[in-house]
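Beneath this line is the structure, given in structure tokens, with notes to follow.
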Amino acid sequence: MSGFKSDLMQVLSERGFIHQASDAAGLDDLAANGPVTAYIGFDCTAPSLHVGSLVQIMTLRWLQKTGHRPITLMGGGTTRVGDPSGKDESRQLLSYEQIEANKLSLRSVFAKFLVYDSGPTGALMIDNADWLGSLNYIDFLRDVGRHFSVNRMLAMDSVKLRLDRDHELSFLEFNYMVLQAYDFVELHRRTGCVLQMGGSDQWGNIVNGIDLGRRMGTAQLYAVTTPLITTASGAKMGKTAQGAVWLNAEMKSAYEYWQFWRNTEDADVRRFLALFTELPMPEVERLAGLGGAEINEAKKILATEATALLHGRTAADDAAETARRTFEEGTLGDALPTIAISLAALDAGVGVLGLFVEAGLVASNSEARRQVRGGGLRVNDTPLADEKATVSAADLVDGTIKLSLGRKKHVLVRVG
RNA sequence: GGGGGAGUGUCCCGAGUGGCAAAGGGGGCGGACUGUAAAUCCGCUGGCGAACGCCUUCGUAGGUUCGAGUCCUACCUCCCCCA
């Protein structure tokens, strides 16, 4: 597995980032001899990235740390077309305004993981709308389109999936791979970029880019894909009941993010420590080797380290401390989610069902009712037996009321 | 253009003789057991309501009927066969 000369390939391979590589030895040589410029493309289909994209971001981070230059390519252009890879139905087209809004919202996250400056390894943020938006159709077909064989395109997994299942693949989407391939060539011309990385579902698209590059006379280009991260139980990473585990702080607090990692399955601890923290590998091995209940210590470290990368060390420590107080001492931590309620309303008495809805712990009064019947709701750690109950100022403990759904989710109510 | 088939609880897949808030899975949430894990077992899984109950829901819009997911008409979308 190891035996790489370059720090880049050595690190990526030993930490489990590499799923496939087009010419690992060639890339290793290149990376050992000087800075390599590499990019990963990001769709602008949502206002935030979620943990599913974290592998890609970490890949770029390691790339930069080992002395190379990362490019985050925003798919401002390609998102207008829509990537059919891995989807068996086409998505709703997003409006240009939506795409722009998403793009702006995504940017902030990258700056936490990468250093953007003008130095030789300074990261670049580029938008493929810069060139895709102004393409001339005829010129594009003559220059780029002639290098694509429809025969081969039809054999691509992303296309075949749709055809085999009799699902529609629009001509629009059929062009996606052409545009992405062209991106690679264009980025090579503009920045000397020779490596494209991405999730394993992007393999076909990336290799197409390499191919197009050869036909259009670029230098040798390279591909590396990362494994699709699923939990040991087979579930896709990043989706929870509350929705995706978002990276933007306003959509997922540091505390909730910490909790997400804290609840990692035992069998995933080693893999996740390697992928989502920067702890040295010997330390990762030591932590992953902890048996029985001790593995919980490793999970806490995983949670704190992963949270620190995204939200900063202070917020991570704070989240860890809040969790410790909440779960190990049974007291309250100050990073728990909080809602405010007016003193007047409290004096009048507030129905518990509505309060749990307001706290965001349940979606509706009906759901709250059901949870009460199932014994899932607690006020100040006392199981709620009566759905008609109200809370008042008398329930304040040190100025707060603690609402809980299940063992793990807590929201504090404060007067304000 | 002609003929045939399909669209179901807005998470997904899927049964459904005119009485249906609609079978069954998966997923999710909660409970028990644990280590804030996994596995297992149990409960819940449209909204409002303290409650009898009321409202909304089966591609869309009309119609027949005491009553429509189910029957009729038109339309939309998709699939298959023929041209």
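In the structure tokens, chains take letters A, B, ... by order of appearance, with residues numbered from 1 within each chain and ligands from 1 in the order shown.
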Restrict the distance test to only C-alpha atoms (C1' of nucleotides), flag each residue of chain A within 9 Å of chain B, and return the flagged residues as a CSV table (one decimal) with all heavy atoms, in the first residue's frame.
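Wrote it out as iface30.csv, contents follow:
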chain,number,residue,atom,x,y,z
A,166,ASP,N,-34.5,2.3,-17.9
A,166,ASP,CA,-35.5,2.9,-18.7
A,166,ASP,C,-35.9,4.3,-18.1
A,166,ASP,O,-37.1,4.7,-18.2
A,166,ASP,CB,-36.8,2.1,-18.8
A,166,ASP,CG,-36.6,1.0,-19.8
A,166,ASP,OD1,-35.9,1.2,-20.7
A,166,ASP,OD2,-37.2,-0.1,-19.6
A,167,HIS,N,-34.9,4.9,-17.4
A,167,HIS,CA,-35.2,6.2,-16.9
A,167,HIS,C,-34.7,7.3,-17.9
A,167,HIS,O,-33.7,7.0,-18.6
A,167,HIS,CB,-34.6,6.4,-15.6
A,167,HIS,CG,-35.3,5.7,-14.5
A,167,HIS,ND1,-34.8,5.4,-13.3
A,167,HIS,CD2,-36.6,5.3,-14.4
A,167,HIS,CE1,-35.6,4.8,-12.5
A,167,HIS,NE2,-36.8,4.7,-13.2
A,168,GLU,N,-35.3,8.4,-17.9
A,168,GLU,CA,-35.0,9.4,-18.9
A,168,GLU,C,-33.6,10.0,-18.6
A,168,GLU,O,-33.3,10.3,-17.4
A,168,GLU,CB,-36.1,10.4,-18.9
A,168,GLU,CG,-35.5,11.8,-19.3
A,168,GLU,CD,-36.4,12.5,-20.3
A,168,GLU,OE1,-37.0,11.9,-21.1
A,168,GLU,OE2,-36.4,13.8,-20.2
A,233,SER,N,-22.4,0.2,9.2
A,233,SER,CA,-23.7,-0.4,9.0
A,233,SER,C,-24.2,-0.2,7.5
A,233,SER,O,-25.3,-0.7,7.2
A,233,SER,CB,-24.8,0.2,9.9
A,233,SER,OG,-24.3,0.3,11.2
A,240,THR,N,-29.0,12.3,8.6
A,240,THR,CA,-29.6,11.9,9.8
A,240,THR,C,-31.1,12.3,9.7
A,240,THR,O,-31.5,12.8,8.7
A,240,THR,CB,-29.0,12.6,11.0
A,240,THR,OG1,-29.4,14.0,11.0
A,240,THR,CG2,-27.5,12.6,11.0
A,241,ALA,N,-31.8,12.0,10.8
A,241,ALA,CA,-33.2,12.3,10.7
A,241,ALA,C,-33.5,13.7,10.5
A,241,ALA,O,-34.4,14.1,9.8
A,241,ALA,CB,-33.9,11.8,12.0
A,259,GLN,N,-21.6,16.2,18.5
A,259,GLN,CA,-22.5,15.1,18.8
A,259,GLN,C,-22.5,14.0,17.7
A,259,GLN,O,-22.5,12.8,17.9
A,259,GLN,CB,-23.9,15.5,19.1
A,259,GLN,CG,-24.1,16.1,20.5
A,259,GLN,CD,-23.8,15.1,21.6
A,259,GLN,OE1,-24.1,13.9,21.5
A,259,GLN,NE2,-23.1,15.6,22.6
A,262,ARG,N,-19.4,12.1,17.9
A,262,ARG,CA,-19.4,11.4,19.1
A,262,ARG,C,-20.1,10.1,19.0
A,262,ARG,O,-19.8,9.1,19.6
A,262,ARG,CB,-20.0,12.2,20.2
A,262,ARG,CG,-20.1,11.5,21.6
A,262,ARG,CD,-18.8,11.0,22.1
A,262,ARG,NE,-19.0,10.3,23.4
A,262,ARG,CZ,-19.3,9.0,23.5
A,262,ARG,NH1,-19.4,8.3,22.4
A,262,ARG,NH2,-19.4,8.5,24.6
A,263,ASN,N,-21.2,10.1,18.1
A,263,ASN,CA,-22.0,8.9,18.0
A,263,ASN,C,-21.6,7.9,16.9
A,263,ASN,O,-22.3,7.1,16.4
A,263,ASN,CB,-23.5,9.3,17.8
A,263,ASN,CG,-24.1,9.8,19.1
A,263,ASN,OD1,-24.1,9.1,20.1
A,263,ASN,ND2,-24.5,11.1,19.1
A,264,THR,N,-20.3,8.1,16.5
A,264,THR,CA,-19.8,7.2,15.5
A,264,THR,C,-19.8,5.7,16.0
A,264,THR,O,-19.7,5.4,17.2
A,264,THR,CB,-18.3,7.5,15.3
A,264,THR,OG1,-18.3,8.9,14.7
A,264,THR,CG2,-17.6,6.6,14.3
A,265,GLU,N,-20.1,4.8,15.0
A,265,GLU,CA,-20.1,3.4,15.4
A,265,GLU,C,-18.6,2.9,15.7
A,265,GLU,O,-17.7,3.4,15.1
A,265,GLU,CB,-20.6,2.5,14.2
A,265,GLU,CG,-22.0,2.8,13.9
A,265,GLU,CD,-22.5,2.0,12.7
A,265,GLU,OE1,-21.9,0.9,12.5
A,265,GLU,OE2,-23.3,2.5,12.0
A,266,ASP,N,-18.5,2.0,16.6
A,266,ASP,CA,-17.2,1.5,17.0
A,266,ASP,C,-16.4,1.1,15.8
A,266,ASP,O,-15.2,1.5,15.7
A,266,ASP,CB,-17.3,0.2,17.8
A,266,ASP,CG,-17.9,0.5,19.2
A,266,ASP,OD1,-18.2,1.6,19.5
A,266,ASP,OD2,-17.9,-0.5,20.0
A,267,ALA,N,-17.0,0.4,14.8
A,267,ALA,CA,-16.2,-0.1,13.7
A,267,ALA,C,-15.7,1.0,12.8
A,267,ALA,O,-14.9,0.7,11.9
A,267,ALA,CB,-17.1,-1.1,12.9
A,292,GLY,N,-13.7,-2.2,24.1
A,292,GLY,CA,-14.9,-2.1,25.0
A,292,GLY,C,-15.3,-0.6,25.2
A,292,GLY,O,-15.3,0.1,24.2
A,293,ALA,N,-15.6,-0.3,26.4
A,293,ALA,CA,-16.1,1.1,26.7
A,293,ALA,C,-15.0,2.1,26.5
A,293,ALA,O,-15.3,3.3,26.3
A,293,ALA,CB,-16.6,1.1,28.1
A,294,GLU,N,-13.8,1.7,26.5
A,294,GLU,CA,-12.7,2.7,26.3
A,294,GLU,C,-12.7,3.3,25.0
A,294,GLU,O,-12.1,4.4,24.8
A,294,GLU,CB,-11.3,2.0,26.5
A,294,GLU,CG,-11.0,1.6,28.0
A,294,GLU,CD,-9.5,1.5,28.2
A,294,GLU,OE1,-8.9,0.8,27.3
A,294,GLU,OE2,-9.0,2.1,29.2
A,295,ILE,N,-13.3,2.7,24.0
A,295,ILE,CA,-13.3,3.3,22.7
A,295,ILE,C,-14.1,4.6,22.7
A,295,ILE,O,-13.9,5.4,21.8
A,295,ILE,CB,-14.0,2.3,21.7
A,295,ILE,CG1,-13.8,2.7,20.2
A,295,ILE,CG2,-15.5,2.2,21.9
A,295,ILE,CD1,-12.8,2.0,19.5
A,296,ASN,N,-14.9,4.8,23.7
A,296,ASN,CA,-15.6,6.1,23.9
A,296,ASN,C,-14.6,7.3,24.0
A,296,ASN,O,-14.9,8.4,23.5
A,296,ASN,CB,-16.5,6.1,25.1
A,296,ASN,CG,-17.8,5.3,24.7
A,296,ASN,OD1,-18.3,5.4,23.6
A,296,ASN,ND2,-18.3,4.6,25.7
A,327,PHE,N,-23.8,14.8,29.7
A,327,PHE,CA,-24.0,13.4,29.7
A,327,PHE,C,-23.3,12.7,30.9
A,327,PHE,O,-23.7,11.6,31.3
A,327,PHE,CB,-23.4,12.8,28.4
A,327,PHE,CG,-24.3,13.1,27.2
A,327,PHE,CD1,-24.1,14.2,26.4
A,327,PHE,CD2,-25.4,12.2,27.0
A,327,PHE,CE1,-24.9,14.4,25.4
A,327,PHE,CE2,-26.2,12.5,25.9
A,327,PHE,CZ,-26.0,13.6,25.1
A,364,SER,N,-44.3,18.9,15.2
A,364,SER,CA,-45.7,19.3,15.3
A,364,SER,C,-46.2,18.9,16.7
A,364,SER,O,-45.6,18.1,17.4
A,364,SER,CB,-46.6,18.6,14.2
A,364,SER,OG,-46.6,17.2,14.4
A,365,ASN,N,-47.4,19.5,17.0
A,365,ASN,CA,-48.0,19.1,18.3
A,365,ASN,C,-48.3,17.6,18.3
A,365,ASN,O,-48.2,16.9,19.3
A,365,ASN,CB,-49.3,19.9,18.5
A,365,ASN,CG,-49.1,21.3,18.9
A,365,ASN,OD1,-47.9,21.7,19.0
A,365,ASN,ND2,-50.1,22.0,19.1
A,366,SER,N,-48.8,17.1,17.1
A,366,SER,CA,-49.1,15.7,17.1
A,366,SER,C,-47.9,14.8,17.4
A,366,SER,O,-48.0,13.8,18.1
A,366,SER,CB,-49.7,15.4,15.7
A,366,SER,OG,-50.9,16.1,15.5
A,367,GLU,N,-46.8,15.2,16.8
A,367,GLU,CA,-45.6,14.4,17.0
A,367,GLU,C,-45.2,14.5,18.5
A,367,GLU,O,-44.8,13.5,19.1
A,367,GLU,CB,-44.4,14.9,16.2
A,367,GLU,CG,-43.2,13.9,16.2
A,367,GLU,CD,-42.0,14.4,15.6
A,367,GLU,OE1,-42.1,15.3,14.7
A,367,GLU,OE2,-40.9,14.0,15.9
A,370,ARG,N,-47.3,12.2,20.4
A,370,ARG,CA,-46.9,10.8,20.3
A,370,ARG,C,-45.7,10.5,21.1
A,370,ARG,O,-45.6,9.4,21.7
A,370,ARG,CB,-46.6,10.5,18.8
A,370,ARG,CG,-47.8,10.2,18.0
A,370,ARG,CD,-47.4,9.8,16.6
A,370,ARG,NE,-47.9,10.7,15.6
A,370,ARG,CZ,-47.3,11.5,14.8
A,370,ARG,NH1,-45.9,11.5,14.8
A,370,ARG,NH2,-47.9,12.2,13.9
A,371,GLN,N,-44.8,11.4,21.1
A,371,GLN,CA,-43.6,11.2,21.9
A,371,GLN,C,-43.9,11.1,23.4
A,371,GLN,O,-43.3,10.3,24.1
A,371,GLN,CB,-42.5,12.3,21.6
A,371,GLN,CG,-41.9,12.3,20.3
A,371,GLN,CD,-41.0,11.0,20.0
A,371,GLN,OE1,-40.9,10.2,20.9
A,371,GLN,NE2,-40.4,11.0,18.9
A,373,ARG,N,-46.6,9.9,24.6
A,373,ARG,CA,-47.1,8.6,24.8
A,373,ARG,C,-46.1,7.5,24.8
A,373,ARG,O,-46.2,6.5,25.5
A,373,ARG,CB,-48.2,8.3,23.8
A,373,ARG,CG,-49.5,9.1,24.0
A,373,ARG,CD,-50.4,9.0,22.8
A,373,ARG,NE,-51.5,10.0,23.0
A,373,ARG,CZ,-52.2,10.5,22.0
A,373,ARG,NH1,-52.0,10.1,20.8
A,373,ARG,NH2,-53.1,11.4,22.3
A,374,GLY,N,-45.0,7.7,24.0
A,374,GLY,CA,-43.9,6.8,24.0
A,374,GLY,C,-42.9,7.0,25.1
A,374,GLY,O,-41.9,6.3,25.1
A,375,GLY,N,-43.1,8.0,25.9
A,375,GLY,CA,-42.2,8.3,27.0
A,375,GLY,C,-40.9,8.9,26.5
A,375,GLY,O,-39.8,8.8,27.1
A,376,GLY,N,-41.0,9.7,25.4
A,376,GLY,CA,-39.7,10.2,24.9
A,376,GLY,C,-39.4,11.6,25.3
A,376,GLY,O,-38.3,12.1,25.0
A,377,LEU,N,-40.3,12.3,25.9
A,377,LEU,CA,-40.1,13.7,26.2
A,377,LEU,C,-39.9,13.9,27.7
A,377,LEU,O,-40.6,13.3,28.5
A,377,LEU,CB,-41.3,14.6,25.8
A,377,LEU,CG,-41.6,14.7,24.3
A,377,LEU,CD1,-42.7,15.7,24.1
A,377,LEU,CD2,-40.4,15.0,23.5
A,387,GLU,N,-49.8,15.2,28.4
A,387,GLU,CA,-49.6,16.1,27.3
A,387,GLU,C,-50.2,17.5,27.4
A,387,GLU,O,-49.9,18.4,26.7
A,387,GLU,CB,-50.1,15.4,26.0
A,387,GLU,CG,-51.4,14.7,26.2
A,387,GLU,CD,-51.8,13.9,24.9
A,387,GLU,OE1,-51.1,12.8,24.7
A,387,GLU,OE2,-52.7,14.3,24.2
A,388,LYS,N,-51.1,17.6,28.4
A,388,LYS,CA,-51.8,18.9,28.6
A,388,LYS,C,-51.0,19.8,29.6
A,388,LYS,O,-51.4,20.9,29.9
A,388,LYS,CB,-53.2,18.7,29.2
A,388,LYS,CG,-54.2,18.2,28.2
A,388,LYS,CD,-55.5,17.8,28.8
A,388,LYS,CE,-55.3,16.5,29.6
A,388,LYS,NZ,-56.6,16.0,30.2
A,405,LEU,N,-35.5,15.4,24.3
A,405,LEU,CA,-36.1,14.3,23.5
A,405,LEU,C,-35.2,13.2,23.5
A,405,LEU,O,-34.1,13.2,23.0
A,405,LEU,CB,-36.3,14.8,22.0
A,405,LEU,CG,-36.7,13.8,21.0
A,405,LEU,CD1,-38.0,13.2,21.3
A,405,LEU,CD2,-36.6,14.3,19.6
A,406,GLY,N,-35.6,12.1,24.0
A,406,GLY,CA,-34.8,10.9,24.1
A,406,GLY,C,-33.6,11.2,25.1
A,406,GLY,O,-33.7,12.1,25.9
A,407,ARG,N,-32.6,10.4,25.0
A,407,ARG,CA,-31.5,10.5,25.9
A,407,ARG,C,-30.5,11.6,25.5
A,407,ARG,O,-29.7,12.1,26.2
A,407,ARG,CB,-30.7,9.2,26.0
A,407,ARG,CG,-31.5,8.1,26.6
A,407,ARG,CD,-31.6,8.2,28.1
A,407,ARG,NE,-32.8,7.5,28.6
A,407,ARG,CZ,-33.5,7.9,29.7
A,407,ARG,NH1,-33.1,9.0,30.4
A,407,ARG,NH2,-34.6,7.3,30.0
A,408,LYS,N,-30.5,11.9,24.2
A,408,LYS,CA,-29.4,12.7,23.6
A,408,LYS,C,-29.7,14.1,23.2
A,408,LYS,O,-28.8,14.9,23.2
A,408,LYS,CB,-28.9,12.0,22.4
A,408,LYS,CG,-28.3,10.6,22.6
A,408,LYS,CD,-27.8,10.0,21.4
A,408,LYS,CE,-27.4,8.6,21.6
A,408,LYS,NZ,-27.0,8.0,20.3
* So which residues touch range 311-321 of chain A within 8 Å, counting only C-alpha atoms (C1' of nucleotides), skipping near sequence neighbours fewer than 5 positions away, as a list in words? -> Lys112, Ala249, Ala254, Tyr255, Trp258, Lys300, Ala303, Thr304, Glu305, Gly333 and Ala335 of chain A
* Residue set, range 163-285 of chain A restricted to alpha helix (DSSP H), as a ChimeraX atom specification -> /A:163-164,171-174,176-191,203-216,254-262,269-276,281-285
* Asked: Between B:A6, B:U56, B:G19, B:C42, which one has atoms that come closest to C80 in chain B, using only C-alpha atoms (C1' of nucleotides)?
  ->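 Once distances to C80 in chain B are computed over only C-alpha atoms (C1' of nucleotides), the minimum belongs to B:A6.
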* **CA of Val350 in chain A to CA of Ala389 in chain A, distance in Å rounded to a single decimal** =>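 For CA of Val350 in chain A relative to CA of Ala389 in chain A, the distance reads 8.4 Å.
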* Gap from CA of Arg271 in chain A to CA of Thr231 in chain A - Å, one decimal ->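 Value for the CA of Arg271 in chain A-CA of Thr231 in chain A distance: 9.8 Å.
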* So which residues of range 121-229 of chain A fall under strand (DSSP E or B) by DSSP, listed as JSON, numbers by chain? -> {"A": [124, 125, 126, 127, 195, 196, 197, 198, 199, 222, 223, 224, 225, 226]}
Prev. selection, C-alpha atoms, output as a PDB file, in the first residue's frame:
ATOM      1  CA  LEU A 124      -7.481  29.188  -5.553  1.00  0.00           C
ATOM      2  CA  MET A 125     -11.249  29.529  -5.752  1.00  0.00           C
ATOM      3  CA  ILE A 126     -12.423  29.376  -9.331  1.00  0.00           C
ATOM      4  CA  ASP A 127     -15.886  29.236 -10.866  1.00  0.00           C
ATOM      5  CA  LEU A 195      -4.644  16.492 -11.115  1.00  0.00           C
ATOM      6  CA  GLN A 196      -8.352  16.184 -10.565  1.00  0.00           C
ATOM      7  CA  MET A 197      -9.676  14.467  -7.506  1.00  0.00           C
ATOM      8  CA  GLY A 198     -13.218  13.672  -6.462  1.00  0.00           C
ATOM      9  CA  GLY A 199     -15.567  11.074  -5.093  1.00  0.00           C
ATOM     10  CA  TYR A 222      -3.931  12.532 -13.443  1.00  0.00           C
ATOM     11  CA  ALA A 223      -6.967  11.311 -11.540  1.00  0.00           C
ATOM     12  CA  VAL A 224      -7.443  10.286  -7.933  1.00  0.00           C
ATOM     13  CA  THR A 225     -10.781   9.368  -6.445  1.00  0.00           C
ATOM     14  CA  THR A 226     -11.734   9.003  -2.806  1.00  0.00           C
TER      15      THR A 226
END
Residues at most 12 Å from Asn208 in chain A, counting only C-alpha atoms (C1' of nucleotides), excluding those fewer than 2 positions away in the same chain, as a PDB file with N, CA and C atoms, in the first residue's frame?
ATOM      1  N   SER A  22      -5.279   7.092 -11.475  1.00  0.00           N
ATOM      2  CA  SER A  22      -5.067   6.733 -12.884  1.00  0.00           C
ATOM      3  C   SER A  22      -3.641   6.239 -13.125  1.00  0.00           C
ATOM      4  N   VAL A 144     -14.128  20.758 -29.068  1.00  0.00           N
ATOM      5  CA  VAL A 144     -14.187  19.788 -27.973  1.00  0.00           C
ATOM      6  C   VAL A 144     -15.090  18.604 -28.323  1.00  0.00           C
ATOM      7  N   HIS A 147     -14.015  15.355 -30.094  1.00  0.00           N
ATOM      8  CA  HIS A 147     -13.173  14.362 -29.416  1.00  0.00           C
ATOM      9  C   HIS A 147     -13.978  13.330 -28.639  1.00  0.00           C
ATOM     10  N   PHE A 148     -15.279  13.527 -28.558  1.00  0.00           N
ATOM     11  CA  PHE A 148     -16.099  12.601 -27.779  1.00  0.00           C
ATOM     12  C   PHE A 148     -16.810  11.610 -28.678  1.00  0.00           C
ATOM     13  N   SER A 149     -16.710  10.350 -28.294  1.00  0.00           N
ATOM     14  CA  SER A 149     -17.421   9.311 -29.031  1.00  0.00           C
ATOM     15  C   SER A 149     -18.705   8.984 -28.292  1.00  0.00           C
ATOM     16  N   ARG A 152     -18.839   5.592 -26.846  1.00  0.00           N
ATOM     17  CA  ARG A 152     -18.212   5.389 -25.543  1.00  0.00           C
ATOM     18  C   ARG A 152     -19.023   6.029 -24.431  1.00  0.00           C
ATOM     19  N   MET A 153     -19.604   7.188 -24.738  1.00  0.00           N
ATOM     20  CA  MET A 153     -20.393   7.866 -23.712  1.00  0.00           C
ATOM     21  C   MET A 153     -21.571   6.996 -23.274  1.00  0.00           C
ATOM     22  N   MET A 156     -20.796   4.626 -20.537  1.00  0.00           N
ATOM     23  CA  MET A 156     -20.417   5.124 -19.214  1.00  0.00           C
ATOM     24  C   MET A 156     -21.471   4.716 -18.179  1.00  0.00           C
ATOM     25  N   TYR A 176     -23.232  16.807 -19.520  1.00  0.00           N
ATOM     26  CA  TYR A 176     -22.510  17.159 -18.308  1.00  0.00           C
ATOM     27  C   TYR A 176     -21.066  16.680 -18.339  1.00  0.00           C
ATOM     28  N   MET A 177     -20.884  15.433 -18.746  1.00  0.00           N
ATOM     29  CA  MET A 177     -19.531  14.872 -18.710  1.00  0.00           C
ATOM     30  C   MET A 177     -18.599  15.585 -19.688  1.00  0.00           C
ATOM     31  N   VAL A 178     -19.168  16.082 -20.745  1.00  0.00           N
ATOM     32  CA  VAL A 178     -18.348  16.829 -21.703  1.00  0.00           C
ATOM     33  C   VAL A 178     -17.857  18.118 -21.062  1.00  0.00           C
ATOM     34  N   LEU A 179     -18.761  18.776 -20.377  1.00  0.00           N
ATOM     35  CA  LEU A 179     -18.387  20.039 -19.735  1.00  0.00           C
ATOM     36  C   LEU A 179     -17.359  19.815 -18.639  1.00  0.00           C
ATOM     37  N   GLN A 180     -17.556  18.772 -17.860  1.00  0.00           N
ATOM     38  CA  GLN A 180     -16.599  18.533 -16.774  1.00  0.00           C
ATOM     39  C   GLN A 180     -15.231  18.165 -17.332  1.00  0.00           C
ATOM     40  N   ALA A 181     -15.232  17.388 -18.386  1.00  0.00           N
ATOM     41  CA  ALA A 181     -13.962  17.046 -19.026  1.00  0.00           C
ATOM     42  C   ALA A 181     -13.274  18.318 -19.519  1.00  0.00           C
ATOM     43  N   TYR A 182     -14.076  19.183 -20.093  1.00  0.00           N
ATOM     44  CA  TYR A 182     -13.524  20.432 -20.608  1.00  0.00           C
ATOM     45  C   TYR A 182     -12.979  21.307 -19.481  1.00  0.00           C
ATOM     46  N   ASP A 183     -13.646  21.283 -18.340  1.00  0.00           N
ATOM     47  CA  ASP A 183     -13.156  22.030 -17.172  1.00  0.00           C
ATOM     48  C   ASP A 183     -11.706  21.680 -16.866  1.00  0.00           C
ATOM     49  N   PHE A 184     -11.429  20.403 -16.877  1.00  0.00           N
ATOM     50  CA  PHE A 184     -10.089  19.930 -16.531  1.00  0.00           C
ATOM     51  C   PHE A 184      -9.067  20.539 -17.498  1.00  0.00           C
ATOM     52  N   VAL A 185      -9.386  20.467 -18.777  1.00  0.00           N
ATOM     53  CA  VAL A 185      -8.480  21.014 -19.781  1.00  0.00           C
ATOM     54  C   VAL A 185      -8.317  22.524 -19.617  1.00  0.00           C
ATOM     55  N   GLN A 196      -6.997  15.976 -11.055  1.00  0.00           N
ATOM     56  CA  GLN A 196      -8.352  16.184 -10.565  1.00  0.00           C
ATOM     57  C   GLN A 196      -8.697  15.060  -9.604  1.00  0.00           C
ATOM     58  N   GLN A 202     -17.142  10.027  -9.431  1.00  0.00           N
ATOM     59  CA  GLN A 202     -16.661  10.967 -10.440  1.00  0.00           C
ATOM     60  C   GLN A 202     -15.593  10.369 -11.348  1.00  0.00           C
ATOM     61  N   TRP A 203     -15.254   9.124 -11.095  1.00  0.00           N
ATOM     62  CA  TRP A 203     -14.158   8.504 -11.846  1.00  0.00           C
ATOM     63  C   TRP A 203     -14.323   8.667 -13.358  1.00  0.00           C
ATOM     64  N   GLY A 204     -15.483   8.320 -13.833  1.00  0.00           N
ATOM     65  CA  GLY A 204     -15.731   8.398 -15.272  1.00  0.00           C
ATOM     66  C   GLY A 204     -15.552   9.808 -15.800  1.00  0.00           C
ATOM     67  N   ASN A 205     -16.117  10.755 -15.118  1.00  0.00           N
ATOM     68  CA  ASN A 205     -16.001  12.150 -15.544  1.00  0.00           C
ATOM     69  C   ASN A 205     -14.560  12.614 -15.559  1.00  0.00           C
ATOM     70  N   ILE A 206     -13.812  12.215 -14.550  1.00  0.00           N
ATOM     71  CA  ILE A 206     -12.425  12.667 -14.436  1.00  0.00           C
ATOM     72  C   ILE A 206     -11.566  12.062 -15.538  1.00  0.00           C
ATOM     73  N   ILE A 210      -9.055  13.572 -18.601  1.00  0.00           N
ATOM     74  CA  ILE A 210      -7.684  13.192 -18.937  1.00  0.00           C
ATOM     75  C   ILE A 210      -7.583  12.867 -20.425  1.00  0.00           C
ATOM     76  N   ASP A 211      -8.580  12.124 -20.865  1.00  0.00           N
ATOM     77  CA  ASP A 211      -8.634  11.720 -22.257  1.00  0.00           C
ATOM     78  C   ASP A 211      -8.729  12.910 -23.194  1.00  0.00           C
ATOM     79  N   LEU A 212      -9.620  13.801 -22.842  1.00  0.00           N
ATOM     80  CA  LEU A 212      -9.794  14.999 -23.656  1.00  0.00           C
ATOM     81  C   LEU A 212      -8.502  15.800 -23.687  1.00  0.00           C
ATOM     82  N   GLY A 213      -7.844  15.868 -22.527  1.00  0.00           N
ATOM     83  CA  GLY A 213      -6.581  16.602 -22.449  1.00  0.00           C
ATOM     84  C   GLY A 213      -5.553  16.045 -23.423  1.00  0.00           C
ATOM     85  N   ARG A 214      -5.455  14.730 -23.464  1.00  0.00           N
ATOM     86  CA  ARG A 214      -4.480  14.119 -24.363  1.00  0.00           C
ATOM     87  C   ARG A 214      -4.796  14.479 -25.812  1.00  0.00           C
ATOM     88  N   ARG A 215      -6.074  14.402 -26.162  1.00  0.00           N
ATOM     89  CA  ARG A 215      -6.461  14.715 -27.540  1.00  0.00           C
ATOM     90  C   ARG A 215      -6.263  16.183 -27.867  1.00  0.00           C
ATOM     91  N   LEU A 221      -2.320  14.339 -17.619  1.00  0.00           N
ATOM     92  CA  LEU A 221      -3.168  14.677 -16.472  1.00  0.00           C
ATOM     93  C   LEU A 221      -3.407  13.428 -15.619  1.00  0.00           C
ATOM     94  N   TYR A 222      -3.776  13.647 -14.373  1.00  0.00           N
ATOM     95  CA  TYR A 222      -3.931  12.532 -13.443  1.00  0.00           C
ATOM     96  C   TYR A 222      -5.279  12.577 -12.713  1.00  0.00           C
ATOM     97  N   ALA A 223      -5.702  11.422 -12.272  1.00  0.00           N
ATOM     98  CA  ALA A 223      -6.967  11.311 -11.540  1.00  0.00           C
ATOM     99  C   ALA A 223      -6.765  10.550 -10.241  1.00  0.00           C
TER     100      ALA A 223
END
Selection: 12 Å around C72 in chain B, only C-alpha atoms (C1' of nucleotides), excl. self and same-chain fewer than 3 positions, as a CSV table (one decimal) with C-alpha atoms (C1' of nucleotides), in the first residue's frame:
chain,number,residue,atom,x,y,z
B,62,G,C1',-64.0,17.8,-13.6
B,63,G,C1',-68.1,14.0,-13.2
B,64,U,C1',-71.1,9.5,-11.4
B,65,U,C1',-72.4,7.8,-6.3
B,68,A,C1',-64.1,7.2,-5.0
* To do: Skip Ala129 in chain A itself and residues of its chain fewer than 4 positions away, then list as a list in words all residues within 10 Å of it, counting only C-alpha atoms (C1' of nucleotides).
  => Leu73, Met74, Gly75, Gly76, Gly77, Thr78, Thr79, Arg80, Gly133, Ser134, Leu135 and Asp183 of chain A
